[in-house]
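*Asks:* I am attaching a structure below and will ask some questions about it afterwards.
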Amino acid sequence: MNLTRLIRRRKLRILGMGRKAQKNESLPGSLDMLILRTLSRGELHGYGIVRFIQQTSGNELIIEEGSLYPALQRLELHGWINGVWGVTSNNRRARIYRITASGRRQLAVETRQYAKLTLAIARVMGE
């Protein structure tokens with residue numbers, strides 16, 4: 001198997017603090033931004049957030065439960081999202097999250113920071 005094929009097969013796994021992966025390639029803070037962006041499109045429960053991010057990334061971003069739920073709690077503590085208990089479409093009890101006005105402002109800040117960071121990395125890489 002050549003190196004190009006090997007690189008194409010790798011997935012970006014966003015893991016929790018207590019879990020180890022072979023290599024965690026996520027950018028610091030990217031999970032918060034991804035969750036806020038996902039919720040800016042509408043209310044979702046935890047599994048729905050994971051599924052949306054995974055599907056829209058073409059299955060390249062895989063978020064582990066050990067990362068998702070602490071991130072949701074952190075975002076809620078900051079006041080960037082609100083969670084309420086509700087019932088999902090398949091009749092299961094789940095916490096449903098929505099972004100707040102403060103969360104939308106934070107998403108704008110994080111989006112600008114991410115754009116600056118990726119531009120700086122592209123400059124270093126010579127692209």
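By convention in this document, the chains of the structure tokens carry letters A, B, ... by their order, each chain's residues are numbered from 1, and ligands are numbered from 1 in the order they are shown.
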Excluding Gly83 in chain A and residues on its chain fewer than 4 positions from it, collect all residues at most 7 Å away from it, counting only C-alpha atoms, and give them as a ChimeraX atom specification.
*Replies:* /A:95-98
*Asks:* Can you list, as a list in words, every protein, DNA or RNA residue that comes within 9 Å of range 108-113 of chain A when you count only C-alpha atoms, leaving out same-chain residues fewer than 4 positions away?
*Replies:*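 What passes the distance filter is Gly29, Ser30, Asp32, Met33, Gly103, Arg104, Leu117 and Thr118 of chain A.
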*Asks:* Would you put the residues from that selection into a file with N, CA and C atoms, as a PDB file, in the first residue's frame?
*Replies:*
```
ATOM      1  N   GLY A  29      -9.642  23.612  20.087  1.00  0.00           N
ATOM      2  CA  GLY A  29     -10.856  24.420  20.041  1.00  0.00           C
ATOM      3  C   GLY A  29     -11.766  24.148  18.859  1.00  0.00           C
ATOM      4  N   SER A  30     -11.357  23.286  17.953  1.00  0.00           N
ATOM      5  CA  SER A  30     -12.161  23.069  16.755  1.00  0.00           C
ATOM      6  C   SER A  30     -13.489  22.393  17.071  1.00  0.00           C
ATOM      7  N   ASP A  32     -15.516  22.840  19.657  1.00  0.00           N
ATOM      8  CA  ASP A  32     -16.494  23.851  20.064  1.00  0.00           C
ATOM      9  C   ASP A  32     -17.056  24.570  18.846  1.00  0.00           C
ATOM     10  N   MET A  33     -16.166  24.953  17.937  1.00  0.00           N
ATOM     11  CA  MET A  33     -16.592  25.660  16.734  1.00  0.00           C
ATOM     12  C   MET A  33     -17.510  24.778  15.886  1.00  0.00           C
ATOM     13  N   GLY A 103     -23.831  32.481  21.830  1.00  0.00           N
ATOM     14  CA  GLY A 103     -23.158  31.416  21.089  1.00  0.00           C
ATOM     15  C   GLY A 103     -22.926  31.794  19.634  1.00  0.00           C
ATOM     16  N   ARG A 104     -23.876  32.502  19.042  1.00  0.00           N
ATOM     17  CA  ARG A 104     -23.704  32.959  17.652  1.00  0.00           C
ATOM     18  C   ARG A 104     -22.556  33.965  17.563  1.00  0.00           C
ATOM     19  N   LEU A 117      -5.828  31.225  11.473  1.00  0.00           N
ATOM     20  CA  LEU A 117      -4.930  30.104  11.733  1.00  0.00           C
ATOM     21  C   LEU A 117      -4.666  29.293  10.473  1.00  0.00           C
ATOM     22  N   THR A 118      -5.712  28.972   9.733  1.00  0.00           N
ATOM     23  CA  THR A 118      -5.518  28.166   8.528  1.00  0.00           C
ATOM     24  C   THR A 118      -4.746  28.938   7.465  1.00  0.00           C
TER      25      THR A 118
END
```
*Asks:* Name all residues at most 10 Å from His78 in chain A (count only C-alpha atoms; drop same-chain ones fewer than 6 positions away) and give them as a PyMOL selection string.
*Replies:* chain A and resi 72+102-103+106
*Asks:* Identify which of the residues A:Val87, A:Arg93, A:Ile121, A:Ile81 lies closest to Ser40 in chain A, counting only C-alpha atoms when measuring atom-to-atom distances.
*Replies:*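 Of the candidates, the smallest distance to Ser40 in chain A is held by A:Ile81.
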*Asks:* Between A:Val84, A:Gly66, A:Gln73, A:Ile53, which residue has the minimum interatomic distance to Arg41 in chain A, considering only C-alpha atoms?
*Replies:*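 Nearest candidate to Arg41 in chain A out of A:Val84, A:Gly66, A:Gln73, A:Ile53: A:Ile53.
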